[in-house]
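Chemist: The file below is entry_15.cif, mmCIF, C-alpha atoms:
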```
data_run
#
loop_
_atom_site.label_atom_id
_atom_site.label_comp_id
_atom_site.auth_asym_id
_atom_site.auth_seq_id
_atom_site.Cartn_x
_atom_site.Cartn_y
_atom_site.Cartn_z
CA MET A 163 -51.11 128.65 -28.55
CA THR A 164 -52.47 130.92 -31.30
CA ASN A 165 -51.66 128.30 -33.96
CA THR A 166 -53.41 125.62 -31.91
CA LEU A 167 -56.57 127.73 -31.55
CA SER A 168 -56.46 128.53 -35.27
CA SER A 169 -56.24 124.81 -36.12
CA ILE A 170 -59.15 124.04 -33.79
CA ALA A 171 -61.25 126.83 -35.35
CA LYS A 172 -60.60 125.52 -38.87
CA PHE A 173 -61.39 121.97 -37.78
CA ILE A 174 -64.68 123.00 -36.16
CA LYS A 175 -65.72 125.05 -39.20
CA LEU A 176 -65.00 122.20 -41.62
CA GLU A 177 -66.76 119.60 -39.47
CA SER A 178 -69.79 121.87 -39.12
CA SER A 179 -70.04 122.29 -42.90
CA SER A 180 -69.64 118.55 -43.40
CA ALA A 181 -72.67 117.89 -41.20
CA ILE A 182 -74.96 119.41 -43.85
CA ILE A 183 -73.63 117.08 -46.55
CA LEU A 184 -73.83 114.10 -44.18
CA LEU A 185 -77.47 114.86 -43.41
CA PHE A 186 -78.32 115.20 -47.09
CA MET A 187 -76.63 111.90 -48.00
CA ALA A 188 -78.33 110.08 -45.12
CA LEU A 189 -81.73 111.37 -46.25
CA PHE A 190 -80.88 110.50 -49.87
CA ALA A 191 -80.01 106.94 -48.78
CA LEU A 192 -83.36 106.63 -46.96
CA VAL A 193 -85.23 107.84 -50.05
CA ALA A 194 -83.23 105.59 -52.38
CA ALA A 195 -83.78 102.49 -50.21
CA ASN A 196 -87.55 103.08 -50.06
CA SER A 197 -88.41 104.15 -53.61
CA GLY A 198 -88.07 103.00 -57.19
CA LEU A 199 -84.33 103.61 -56.81
CA SER A 200 -84.02 100.74 -54.34
CA ALA A 201 -82.74 98.20 -56.88
CA ILE A 202 -80.14 100.64 -58.23
CA TYR A 203 -79.09 101.59 -54.68
CA HIS A 204 -78.49 97.99 -53.59
CA GLU A 205 -76.92 97.07 -56.94
CA PHE A 206 -74.39 99.89 -56.43
CA LEU A 207 -73.54 98.69 -52.91
CA ASP A 208 -73.23 95.06 -54.07
CA THR A 209 -71.02 95.83 -57.10
CA ASN A 210 -67.96 93.59 -56.90
CA ILE A 211 -64.58 95.31 -57.03
CA ARG A 212 -61.38 93.26 -57.21
CA ILE A 213 -57.86 94.43 -56.44
CA GLY A 214 -55.01 91.95 -56.54
CA VAL A 215 -51.30 91.41 -57.08
CA GLY A 216 -50.33 87.90 -58.14
CA SER A 217 -51.95 85.35 -55.83
CA PHE A 218 -52.86 88.03 -53.30
CA GLU A 219 -56.26 89.52 -54.04
CA ILE A 220 -59.17 91.25 -52.35
CA SER A 221 -62.49 90.80 -54.12
CA LYS A 222 -65.32 92.51 -52.26
CA ALA A 223 -68.56 94.47 -52.76
CA ALA A 224 -68.50 98.27 -53.05
CA VAL A 225 -69.94 98.62 -49.54
CA PHE A 226 -66.84 96.83 -48.21
CA TRP A 227 -64.48 99.23 -49.99
CA ILE A 228 -66.42 102.13 -48.47
CA ASN A 229 -66.62 100.73 -44.93
CA ASP A 230 -63.18 99.11 -44.76
CA GLY A 231 -61.22 100.99 -47.41
CA LEU A 232 -62.31 104.62 -47.46
CA MET A 233 -63.03 104.55 -43.73
CA ALA A 234 -59.37 103.66 -43.17
CA ILE A 235 -58.64 107.17 -44.48
CA PHE A 236 -61.16 108.55 -41.97
CA PHE A 237 -59.44 106.64 -39.17
CA PHE A 238 -56.07 107.89 -40.42
CA LEU A 239 -57.36 111.46 -40.02
CA VAL A 240 -58.73 110.58 -36.57
CA GLY A 241 -55.29 109.25 -35.67
CA LEU A 242 -53.68 112.52 -36.79
CA GLU A 243 -56.18 114.53 -34.72
CA ILE A 244 -55.54 112.38 -31.66
CA LYS A 245 -51.76 112.77 -32.01
CA ARG A 246 -52.01 116.55 -32.44
CA GLU A 247 -54.33 117.00 -29.47
CA VAL A 248 -52.23 114.76 -27.20
CA LEU A 249 -48.89 116.34 -28.12
CA THR A 250 -49.74 120.01 -28.62
CA GLY A 251 -53.49 120.55 -28.19
CA GLU A 252 -56.30 120.38 -25.66
CA LEU A 253 -55.23 116.96 -24.35
CA SER A 254 -51.54 117.81 -23.87
CA THR A 255 -51.76 118.52 -20.13
CA TRP A 256 -53.76 116.92 -17.33
CA GLY A 257 -55.35 120.25 -16.47
CA GLN A 258 -56.75 120.59 -19.97
CA ALA A 259 -57.58 116.93 -20.56
CA SER A 260 -58.99 115.89 -17.17
CA LEU A 261 -62.55 117.21 -17.57
CA PRO A 262 -63.16 115.87 -21.12
CA ILE A 263 -61.54 112.54 -20.13
CA PHE A 264 -63.98 112.04 -17.26
CA ALA A 265 -66.88 113.25 -19.42
CA ALA A 266 -65.96 110.85 -22.24
CA ILE A 267 -65.53 107.89 -19.86
CA GLY A 268 -69.00 108.52 -18.43
CA GLY A 269 -70.34 108.94 -21.97
CA MET A 270 -69.01 105.51 -22.93
CA VAL A 271 -69.68 103.45 -19.79
CA VAL A 272 -73.24 104.55 -18.94
CA PRO A 273 -74.72 104.06 -22.46
CA ALA A 274 -73.21 100.57 -22.55
CA LEU A 275 -74.76 99.78 -19.15
CA VAL A 276 -78.14 101.10 -20.34
CA PHE A 277 -77.89 98.89 -23.42
CA PHE A 278 -76.92 95.87 -21.29
CA TYR A 279 -79.90 96.46 -19.01
CA ILE A 280 -82.41 96.61 -21.88
CA ASN A 281 -80.87 93.66 -23.75
CA ALA A 282 -80.06 91.47 -20.73
CA ASP A 283 -82.59 88.83 -21.81
CA SER A 284 -81.69 89.01 -25.49
CA PRO A 285 -78.42 87.09 -26.06
CA GLU A 286 -78.57 87.57 -29.85
CA THR A 287 -78.34 91.37 -29.50
CA ILE A 288 -76.08 91.83 -26.46
CA SER A 289 -72.94 91.98 -28.66
CA ALA A 290 -74.00 95.42 -29.95
CA TRP A 291 -73.33 97.00 -26.53
CA ALA A 292 -70.68 99.38 -27.93
CA VAL A 293 -72.94 100.95 -30.58
CA PRO A 294 -74.43 103.69 -28.31
CA MET A 295 -71.00 104.62 -26.89
CA ALA A 296 -69.88 106.68 -29.90
CA THR A 297 -70.23 110.39 -30.72
CA ASP A 298 -70.32 111.87 -34.24
CA ILE A 299 -68.03 114.93 -34.23
CA ALA A 300 -69.36 116.39 -37.48
CA PHE A 301 -73.05 116.35 -36.56
CA ALA A 302 -72.47 117.47 -32.95
CA LEU A 303 -70.30 120.42 -34.00
CA GLY A 304 -72.68 121.19 -36.86
CA ILE A 305 -75.61 121.65 -34.47
CA LEU A 306 -73.43 123.70 -32.13
CA ALA A 307 -72.47 125.91 -35.08
CA LEU A 308 -76.15 126.73 -35.69
CA LEU A 309 -76.10 128.67 -32.41
CA GLY A 310 -73.31 130.90 -33.70
CA LYS A 311 -71.51 133.26 -31.32
CA ARG A 312 -74.05 132.64 -28.56
CA VAL A 313 -72.01 129.55 -27.66
CA PRO A 314 -68.65 130.20 -25.91
CA VAL A 315 -65.55 128.92 -27.71
CA ALA A 316 -64.62 126.91 -24.58
CA LEU A 317 -67.80 124.88 -25.07
CA LYS A 318 -66.90 123.96 -28.64
CA ILE A 319 -63.38 122.95 -27.57
CA PHE A 320 -64.83 120.87 -24.73
CA LEU A 321 -67.17 119.03 -27.13
CA LEU A 322 -64.31 118.45 -29.58
CA ALA A 323 -62.05 117.05 -26.85
CA VAL A 324 -64.79 114.74 -25.53
CA ALA A 325 -65.52 113.46 -29.05
CA ILE A 326 -61.83 112.79 -29.77
CA ILE A 327 -61.40 110.85 -26.51
CA ASP A 328 -64.60 109.04 -27.45
CA ASP A 329 -62.95 108.07 -30.75
CA ILE A 330 -59.93 106.71 -28.88
CA GLY A 331 -62.26 104.56 -26.79
CA ALA A 332 -64.07 103.34 -29.90
CA ILE A 333 -60.77 102.40 -31.57
CA VAL A 334 -59.66 100.40 -28.51
CA ILE A 335 -63.05 98.65 -28.27
CA ILE A 336 -63.05 97.74 -31.97
CA SER A 337 -59.54 96.29 -31.77
CA ILE A 338 -60.27 94.23 -28.63
CA PHE A 339 -63.92 93.18 -28.83
CA TYR A 340 -64.78 93.20 -32.54
CA THR A 341 -61.89 91.18 -33.90
CA SER A 342 -62.45 87.82 -35.56
CA GLU A 343 -60.01 84.89 -35.50
CA LEU A 344 -56.47 86.17 -35.71
CA SER A 345 -53.87 85.28 -38.32
CA VAL A 346 -50.63 85.63 -36.36
CA ASN A 347 -48.53 85.70 -39.54
CA MET A 348 -50.46 88.59 -41.08
CA LEU A 349 -50.58 90.46 -37.78
CA THR A 350 -46.81 90.06 -37.46
CA LEU A 351 -46.31 91.42 -40.98
CA SER A 352 -48.49 94.42 -40.19
CA MET A 353 -46.48 95.12 -37.02
CA MET A 354 -43.29 94.89 -39.06
CA GLY A 355 -44.78 97.52 -41.36
CA PHE A 356 -45.58 99.69 -38.35
CA ALA A 357 -42.00 99.31 -37.08
CA LEU A 358 -40.74 100.38 -40.51
CA ALA A 359 -42.96 103.48 -40.42
CA VAL A 360 -41.66 104.36 -36.94
CA THR A 361 -38.12 103.99 -38.31
CA LEU A 362 -38.95 106.34 -41.18
CA ASN A 363 -40.09 108.88 -38.62
CA ARG A 364 -36.96 108.43 -36.49
CA ILE A 365 -34.55 108.94 -39.40
CA GLY A 366 -36.36 112.12 -40.44
CA VAL A 367 -38.24 111.08 -43.59
CA LYS A 368 -40.66 113.92 -44.39
CA ILE A 369 -42.18 112.85 -47.72
CA ILE A 370 -45.48 111.03 -48.03
CA ALA A 371 -44.64 108.24 -50.53
CA PRO A 372 -42.83 105.84 -48.11
CA TYR A 373 -45.53 106.22 -45.44
CA LEU A 374 -48.25 105.70 -48.07
CA MET A 375 -46.69 102.46 -49.33
CA VAL A 376 -46.18 101.15 -45.79
CA GLY A 377 -49.74 102.19 -44.89
CA ILE A 378 -51.26 100.29 -47.81
CA PHE A 379 -49.17 97.23 -46.92
CA MET A 380 -50.30 97.46 -43.29
CA TRP A 381 -53.95 97.88 -44.31
CA ALA A 382 -53.86 94.72 -46.46
CA CYS A 383 -52.09 92.71 -43.74
CA VAL A 384 -54.41 93.91 -40.97
CA LEU A 385 -57.41 93.06 -43.18
CA LYS A 386 -56.15 89.50 -43.66
CA SER A 387 -55.16 89.20 -39.98
CA GLY A 388 -58.72 89.32 -38.65
CA VAL A 389 -58.35 92.71 -36.91
CA HIS A 390 -60.48 95.39 -38.54
CA ALA A 391 -58.47 96.95 -41.37
CA THR A 392 -59.35 100.57 -40.56
CA LEU A 393 -57.16 100.37 -37.44
CA ALA A 394 -54.13 100.36 -39.74
CA GLY A 395 -55.04 103.96 -40.57
CA VAL A 396 -54.78 104.96 -36.91
CA LEU A 397 -51.43 103.23 -36.43
CA ILE A 398 -49.78 104.72 -39.50
CA ALA A 399 -51.09 108.19 -38.49
CA PHE A 400 -49.20 107.95 -35.20
CA THR A 401 -45.93 107.60 -37.14
CA ILE A 402 -46.32 110.77 -39.25
CA PRO A 403 -43.70 113.34 -38.13
CA LEU A 404 -45.24 116.36 -36.42
CA LYS A 405 -42.11 118.52 -36.49
CA LYS A 406 -41.36 120.60 -39.55
CA GLY A 407 -38.07 121.34 -41.20
CA GLU A 408 -36.70 124.85 -41.43
CA GLY A 409 -38.86 127.07 -43.64
CA GLU A 410 -41.40 124.39 -44.54
CA GLN A 411 -44.78 123.13 -43.39
CA SER A 412 -44.67 119.77 -41.61
CA LEU A 413 -45.79 116.61 -43.41
CA PHE A 414 -48.26 116.17 -40.55
CA ASN A 415 -49.96 119.52 -41.22
CA ARG A 416 -49.93 119.01 -44.99
CA LEU A 417 -51.67 115.66 -44.63
CA GLU A 418 -54.15 116.84 -42.01
CA HIS A 419 -55.17 119.96 -43.94
CA GLY A 420 -55.10 118.18 -47.30
CA LEU A 421 -57.14 115.14 -46.24
CA HIS A 422 -59.72 116.83 -44.03
CA PRO A 423 -61.87 118.25 -46.86
CA TRP A 424 -61.81 114.90 -48.71
CA VAL A 425 -62.86 113.02 -45.58
CA ALA A 426 -65.49 115.61 -44.62
CA PHE A 427 -67.06 115.99 -48.05
CA LEU A 428 -66.46 112.62 -49.74
CA VAL A 429 -65.51 109.74 -47.41
CA LEU A 430 -68.06 110.38 -44.65
CA PRO A 431 -70.93 111.30 -47.01
CA LEU A 432 -70.30 108.08 -48.99
CA PHE A 433 -70.30 106.14 -45.72
CA ALA A 434 -73.58 107.80 -44.72
CA PHE A 435 -75.07 106.94 -48.12
CA ALA A 436 -73.96 103.31 -47.86
CA ASN A 437 -75.11 102.79 -44.28
CA ALA A 438 -78.19 104.95 -43.65
CA GLY A 439 -80.46 103.26 -46.19
CA ILE A 440 -83.01 101.62 -43.89
CA ASP A 441 -85.80 99.66 -45.56
CA LEU A 442 -88.80 101.24 -43.84
CA SER A 443 -91.31 98.68 -45.09
CA GLY A 444 -92.69 96.91 -42.04
CA ILE A 445 -91.05 99.41 -39.67
CA SER A 446 -93.39 100.65 -36.92
CA ILE A 447 -93.30 101.96 -33.36
CA SER A 448 -93.18 98.36 -32.18
CA SER A 449 -89.97 97.90 -34.21
CA LEU A 450 -88.28 100.66 -32.23
CA LEU A 451 -89.41 99.00 -29.00
CA GLN A 452 -87.46 95.82 -29.76
CA PRO A 453 -84.47 95.39 -27.40
CA LEU A 454 -81.76 96.12 -30.00
CA PRO A 455 -82.94 99.49 -31.39
CA LEU A 456 -84.44 100.51 -28.04
CA GLY A 457 -81.18 99.82 -26.20
CA ILE A 458 -79.23 101.85 -28.76
CA ALA A 459 -81.69 104.77 -28.84
CA VAL A 460 -82.06 104.99 -25.04
CA GLY A 461 -78.31 104.53 -24.60
CA LEU A 462 -77.64 107.49 -26.90
CA LEU A 463 -80.44 109.71 -25.63
CA ILE A 464 -80.40 108.98 -21.88
CA GLY A 465 -77.14 107.12 -21.26
CA LYS A 466 -74.97 109.80 -22.85
CA GLN A 467 -76.66 112.57 -20.86
CA LEU A 468 -76.31 110.76 -17.54
CA GLY A 469 -72.76 109.63 -18.25
CA VAL A 470 -71.26 112.89 -19.51
CA LEU A 471 -73.05 115.22 -17.08
CA GLY A 472 -72.70 112.84 -14.10
CA MET A 473 -68.98 112.19 -14.50
CA THR A 474 -68.28 115.86 -15.20
CA TRP A 475 -70.09 116.87 -12.01
CA ILE A 476 -68.27 114.22 -9.95
CA ALA A 477 -64.86 115.32 -11.32
CA VAL A 478 -65.55 118.99 -10.54
CA VAL A 479 -67.05 118.39 -7.07
CA LEU A 480 -64.13 116.16 -6.06
CA GLY A 481 -61.65 118.75 -7.31
CA ILE A 482 -60.15 116.36 -9.86
CA ALA A 483 -60.95 118.73 -12.73
CA LYS A 484 -62.05 122.35 -13.16
CA LYS A 485 -65.03 123.67 -15.08
CA PRO A 486 -63.78 126.08 -17.78
CA ILE A 487 -64.47 129.78 -17.27
CA GLY A 488 -67.63 130.89 -19.06
CA MET A 489 -69.22 127.41 -19.07
CA SER A 490 -72.30 126.82 -16.93
CA TRP A 491 -73.86 123.49 -15.95
CA VAL A 492 -76.64 124.11 -18.48
CA HIS A 493 -73.96 124.45 -21.17
CA ILE A 494 -72.47 121.13 -20.12
CA TYR A 495 -75.90 119.47 -20.05
CA GLY A 496 -76.52 120.69 -23.60
CA ILE A 497 -73.18 119.22 -24.69
CA ALA A 498 -74.07 115.96 -22.91
CA CYS A 499 -77.20 115.79 -25.08
CA LEU A 500 -75.23 116.46 -28.28
CA THR A 501 -72.78 113.64 -27.50
CA GLY A 502 -75.78 111.33 -27.99
CA ILE A 503 -75.50 111.91 -31.74
CA GLY A 504 -73.78 108.65 -32.64
CA PHE A 505 -74.30 108.27 -36.39
CA THR A 506 -70.97 107.63 -38.21
CA MET A 507 -69.06 105.70 -35.55
CA SER A 508 -72.19 104.01 -34.16
CA LEU A 509 -73.23 102.81 -37.62
CA PHE A 510 -69.66 101.69 -38.24
CA ILE A 511 -69.54 99.59 -35.08
CA GLY A 512 -73.00 98.20 -35.90
CA SER A 513 -71.71 97.07 -39.30
CA LEU A 514 -68.95 95.11 -37.52
CA VAL A 515 -71.40 93.32 -35.23
CA TYR A 516 -73.95 91.96 -37.69
CA GLY A 517 -73.95 90.49 -41.17
CA SER A 518 -77.72 90.12 -41.35
CA THR A 519 -79.53 92.91 -43.20
CA ASP A 520 -82.49 92.70 -40.81
CA MET A 521 -80.27 93.14 -37.74
CA ILE A 522 -78.30 95.96 -39.35
CA ASN A 523 -81.58 97.72 -40.17
CA LEU A 524 -82.56 97.53 -36.49
CA VAL A 525 -79.15 98.99 -35.53
CA ARG A 526 -79.66 101.81 -38.03
CA LEU A 527 -83.16 102.45 -36.68
CA GLY A 528 -81.83 102.77 -33.12
CA VAL A 529 -78.86 104.94 -34.13
CA LEU A 530 -80.91 107.32 -36.28
CA SER A 531 -83.77 107.71 -33.79
CA GLY A 532 -81.45 108.15 -30.78
CA SER A 533 -79.19 110.57 -32.68
CA ILE A 534 -82.07 112.70 -33.96
CA MET A 535 -83.69 113.02 -30.52
CA SER A 536 -80.31 113.83 -28.91
CA GLY A 537 -79.56 116.49 -31.51
CA VAL A 538 -82.96 118.14 -31.20
CA LEU A 539 -82.81 118.13 -27.39
CA GLY A 540 -79.25 119.47 -27.28
CA TYR A 541 -80.09 122.28 -29.70
CA ALA A 542 -83.25 123.15 -27.74
CA VAL A 543 -81.44 123.25 -24.38
CA LEU A 544 -78.54 125.37 -25.61
CA GLY A 545 -80.73 127.53 -27.85
CA VAL A 546 -83.21 128.46 -25.12
CA TYR A 547 -80.51 128.98 -22.48
CA THR A 548 -78.21 131.11 -24.64
CA SER A 549 -81.14 133.20 -25.89
CA LYS A 550 -82.33 133.93 -22.34
CA LYS A 551 -78.77 134.69 -21.27
CA ARG A 552 -78.31 137.12 -24.17
CA ILE A 553 -81.58 138.88 -23.28
CA ARG A 554 -80.50 139.16 -19.62
CA ASN A 555 -77.12 140.58 -20.67
CA LYS A 556 -78.80 143.18 -22.88
CA LYS A 557 -81.15 144.24 -20.07
CA THR A 558 -78.21 144.50 -17.66
CA LYS A 559 -76.25 146.57 -20.15
CA ARG A 560 -79.20 148.92 -20.73
CA ALA A 561 -79.69 149.29 -16.96
CA LEU A 562 -76.03 150.21 -16.49
CA ASN A 563 -76.17 152.69 -19.35
CA SER A 564 -79.29 154.36 -17.92
CA LYS A 565 -77.53 154.85 -14.58
CA ASP A 566 -74.66 156.56 -16.33
#
```
Could I get this structure in the form of structure tokens?
Modeler:
Amino acid sequence: MTNTLSSIAKFIKLESSSAIILLFMALFALVAANSGLSAIYHEFLDTNIRIGVGSFEISKAAVFWINDGLMAIFFFLVGLEIKREVLTGELSTWGQASLPIFAAIGGMVVPALVFFYINADSPETISAWAVPMATDIAFALGILALLGKRVPVALKIFLLAVAIIDDIGAIVIISIFYTSELSVNMLTLSMMGFALAVTLNRIGVKIIAPYLMVGIFMWACVLKSGVHATLAGVLIAFTIPLKKGEGEQSLFNRLEHGLHPWVAFLVLPLFAFANAGIDLSGISISSLLQPLPLGIAVGLLIGKQLGVLGMTWIAVVLGIAKKPIGMSWVHIYGIACLTGIGFTMSLFIGSLVYGSTDMINLVRLGVLSGSIMSGVLGYAVLGVYTSKKRIRNKKTKRALNSKD
């Protein structure tokens, strides 16, 4: 239990630090896209990079290698986190997982319904319904970290669990709803690679090289199959052995601890830089009121609050789940607001939906505006509440001391 809490604490600290770099890179992208650096910015993203072996080749722009290549490493880390939490962490028992599961389900379903409602008469935008369903772990935990010790540890763990379940939902949605025409041959080859990786696990292989080679093979096959290539990262992560040999650290822990800083401080910041560069020329309040960005922003800001808080309340009232000790309903409402910070995963899903720069810019506008408002509101709610609570506790303590 102590090791699990230690791993969670390290994860939260790293994600919180990453949020600062993410914010800087997103702002840098906005500046670059709307200044004299615009040509250089877009030239960098459009730079063609070719990788091939014989007749098999992948020749794509740099933005592809960031979104489909480097993000596969991010999804690999997400897969490791999911496996750890399900097998040994906060999602390993129904008692621990029930409340965040209901909260995450509400936080995915209600934002999608809000988006559907706003975009019901706009068939060209309805396919982006999944964009406001996502939660950015780094930014959400980063804002929570600003409140320091005023926030109970149980609240941070609850947010982490909700965000991880949210990621599972996003992975399932991407694989089912955002897949182009399938190549059965390539998909079969990728599944053969997955079966090989499972076999490596079963026979006790605890070195990275075989899994790395199989993972690269799976990534290339999944890419050519029509399913989004980043999902190969999740699948190969599930095959990494969690158990350690006598006197050694497990391959699972070595990979998780080794990759996390690279993902937090390189992969995600590069993704933010490549995807947050909105061309603000011609953008106005009326732009935000268009169905696509409005549906995303309202879904993140209002849908997430209603979904997370509503489903949590229903689960507790019906006795299906228990509210953790030390967490009040105001705490949970503040977390519900923070889950409206979509950013990384929302932008990623948006990039799968549209190829048009104009449509992607509208997605980015909705994601950024909804995420910023959610973050500010969540911080305000938790900041005011925890400050008042701390003042009340101090007054109570002084009153008790004076009686003594």
Chemist: Using all atoms listed in the file for the distances, tell me which of A:Gln467, A:Asn523, A:Asn415, A:Thr506 is nearest to Pro273 (chain A).
Modeler: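 Using all atoms listed in the file, Pro273 (chain A) sits closest to A:Gln467.
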Chemist: Just need the box for region 518-527 of chain A, edges along x, y and z, holding every atom the file lists for it with 3 Å tacked onto each side, so centre and edge lengths in Å to one decimal, as lines of an AutoDock Vina configuration file.
Modeler:
```
center_x = -80.4
center_y = 96.3
center_z = -39.4
size_x = 11.4
size_y = 18.3
size_z = 13.7
```
Chemist: Name the residues captured by the PyMOL selection byres ((chain A and resi 250-266) around 10) when it is applied to the shown file; answer as a PyMOL selection string.
Modeler: chain A and resi 163+165-167+169-170+243-249+267-271+295-297+319-331+404+466-478+482-486+494+498+501
Chemist: So that I have them on file, write out the residues from the current selection with C-alpha atoms, as a PDB file, in the coordinates of the input.
Modeler:
```pdb
ATOM      1  CA  MET A 163     -51.110 128.650 -28.550  1.00  0.00           C
ATOM      2  CA  ASN A 165     -51.660 128.300 -33.960  1.00  0.00           C
ATOM      3  CA  THR A 166     -53.410 125.620 -31.910  1.00  0.00           C
ATOM      4  CA  LEU A 167     -56.570 127.730 -31.550  1.00  0.00           C
ATOM      5  CA  SER A 169     -56.240 124.810 -36.120  1.00  0.00           C
ATOM      6  CA  ILE A 170     -59.150 124.040 -33.790  1.00  0.00           C
ATOM      7  CA  GLU A 243     -56.180 114.530 -34.720  1.00  0.00           C
ATOM      8  CA  ILE A 244     -55.540 112.380 -31.660  1.00  0.00           C
ATOM      9  CA  LYS A 245     -51.760 112.770 -32.010  1.00  0.00           C
ATOM     10  CA  ARG A 246     -52.010 116.550 -32.440  1.00  0.00           C
ATOM     11  CA  GLU A 247     -54.330 117.000 -29.470  1.00  0.00           C
ATOM     12  CA  VAL A 248     -52.230 114.760 -27.200  1.00  0.00           C
ATOM     13  CA  LEU A 249     -48.890 116.340 -28.120  1.00  0.00           C
ATOM     14  CA  ILE A 267     -65.530 107.890 -19.860  1.00  0.00           C
ATOM     15  CA  GLY A 268     -69.000 108.520 -18.430  1.00  0.00           C
ATOM     16  CA  GLY A 269     -70.340 108.940 -21.970  1.00  0.00           C
ATOM     17  CA  MET A 270     -69.010 105.510 -22.930  1.00  0.00           C
ATOM     18  CA  VAL A 271     -69.680 103.450 -19.790  1.00  0.00           C
ATOM     19  CA  MET A 295     -71.000 104.620 -26.890  1.00  0.00           C
ATOM     20  CA  ALA A 296     -69.880 106.680 -29.900  1.00  0.00           C
ATOM     21  CA  THR A 297     -70.230 110.390 -30.720  1.00  0.00           C
ATOM     22  CA  ILE A 319     -63.380 122.950 -27.570  1.00  0.00           C
ATOM     23  CA  PHE A 320     -64.830 120.870 -24.730  1.00  0.00           C
ATOM     24  CA  LEU A 321     -67.170 119.030 -27.130  1.00  0.00           C
ATOM     25  CA  LEU A 322     -64.310 118.450 -29.580  1.00  0.00           C
ATOM     26  CA  ALA A 323     -62.050 117.050 -26.850  1.00  0.00           C
ATOM     27  CA  VAL A 324     -64.790 114.740 -25.530  1.00  0.00           C
ATOM     28  CA  ALA A 325     -65.520 113.460 -29.050  1.00  0.00           C
ATOM     29  CA  ILE A 326     -61.830 112.790 -29.770  1.00  0.00           C
ATOM     30  CA  ILE A 327     -61.400 110.850 -26.510  1.00  0.00           C
ATOM     31  CA  ASP A 328     -64.600 109.040 -27.450  1.00  0.00           C
ATOM     32  CA  ASP A 329     -62.950 108.070 -30.750  1.00  0.00           C
ATOM     33  CA  ILE A 330     -59.930 106.710 -28.880  1.00  0.00           C
ATOM     34  CA  GLY A 331     -62.260 104.560 -26.790  1.00  0.00           C
ATOM     35  CA  LEU A 404     -45.240 116.360 -36.420  1.00  0.00           C
ATOM     36  CA  LYS A 466     -74.970 109.800 -22.850  1.00  0.00           C
ATOM     37  CA  GLN A 467     -76.660 112.570 -20.860  1.00  0.00           C
ATOM     38  CA  LEU A 468     -76.310 110.760 -17.540  1.00  0.00           C
ATOM     39  CA  GLY A 469     -72.760 109.630 -18.250  1.00  0.00           C
ATOM     40  CA  VAL A 470     -71.260 112.890 -19.510  1.00  0.00           C
ATOM     41  CA  LEU A 471     -73.050 115.220 -17.080  1.00  0.00           C
ATOM     42  CA  GLY A 472     -72.700 112.840 -14.100  1.00  0.00           C
ATOM     43  CA  MET A 473     -68.980 112.190 -14.500  1.00  0.00           C
ATOM     44  CA  THR A 474     -68.280 115.860 -15.200  1.00  0.00           C
ATOM     45  CA  TRP A 475     -70.090 116.870 -12.010  1.00  0.00           C
ATOM     46  CA  ILE A 476     -68.270 114.220  -9.950  1.00  0.00           C
ATOM     47  CA  ALA A 477     -64.860 115.320 -11.320  1.00  0.00           C
ATOM     48  CA  VAL A 478     -65.550 118.990 -10.540  1.00  0.00           C
ATOM     49  CA  ILE A 482     -60.150 116.360  -9.860  1.00  0.00           C
ATOM     50  CA  ALA A 483     -60.950 118.730 -12.730  1.00  0.00           C
ATOM     51  CA  LYS A 484     -62.050 122.350 -13.160  1.00  0.00           C
ATOM     52  CA  LYS A 485     -65.030 123.670 -15.080  1.00  0.00           C
ATOM     53  CA  PRO A 486     -63.780 126.080 -17.780  1.00  0.00           C
ATOM     54  CA  ILE A 494     -72.470 121.130 -20.120  1.00  0.00           C
ATOM     55  CA  ALA A 498     -74.070 115.960 -22.910  1.00  0.00           C
ATOM     56  CA  THR A 501     -72.780 113.640 -27.500  1.00  0.00           C
TER      57      THR A 501
END
```
Chemist: Give me the residues within 7 Å of Val225 (chain A) as a PyMOL selection string, counting only C-alpha atoms and dropping any in the same chain fewer than 4 places off.
Modeler: chain A and resi 207-208+229+436
Chemist: Pick the closest to Val525 (chain A) from A:Leu232, A:Leu454, A:Ala307, A:Val240: which is it, counting all atoms listed in the file?
Modeler: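 Smallest separation from Val525 (chain A) among the options: A:Leu454.
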Chemist: Evaluate the PyMOL selection byres ((chain A and resi 529-531) around 12) here and jot the selected residues down as JSON, numbers by chain.
Modeler: {"A": [185, 188, 189, 192, 290, 292, 293, 294, 295, 296, 297, 298, 301, 434, 437, 438, 439, 440, 447, 449, 450, 451, 454, 455, 456, 457, 458, 459, 460, 461, 462, 463, 502, 503, 504, 505, 506, 507, 508, 509, 510, 511, 512, 513, 522, 523, 524, 525, 526, 527, 528, 532, 533, 534, 535, 536, 537, 538]}
Chemist: Of the candidates A:Asn363, A:Ser387, A:Thr350, A:Thr548, which one gets nearest to Ala399 (chain A) if we count only C-alpha atoms?
Modeler: A:Asn363
Chemist: Between CA of Val543 (chain A) and CA of Ile497 (chain A), what is the distance in Å, rounded to a tenth?
Modeler: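 One can read the CA of Val543 (chain A) to CA of Ile497 (chain A) distance as 9.2 Å.
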Chemist: For region 365-382 of chain A, please output as a PDB file with C-alpha atoms, keeping the file's coordinate frame all residues within 6 Å (counting only C-alpha atoms; exclusion window: fewer than 5 positions along the same chain).
Modeler:
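Result written to around_5.pdb:
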```pdb
ATOM      1  CA  SER A 352     -48.490  94.420 -40.190  1.00  0.00           C
ATOM      2  CA  GLY A 355     -44.780  97.520 -41.360  1.00  0.00           C
ATOM      3  CA  ALA A 391     -58.470  96.950 -41.370  1.00  0.00           C
ATOM      4  CA  ALA A 394     -54.130 100.360 -39.740  1.00  0.00           C
ATOM      5  CA  ILE A 398     -49.780 104.720 -39.500  1.00  0.00           C
ATOM      6  CA  LEU A 413     -45.790 116.610 -43.410  1.00  0.00           C
TER       7      LEU A 413
END
```
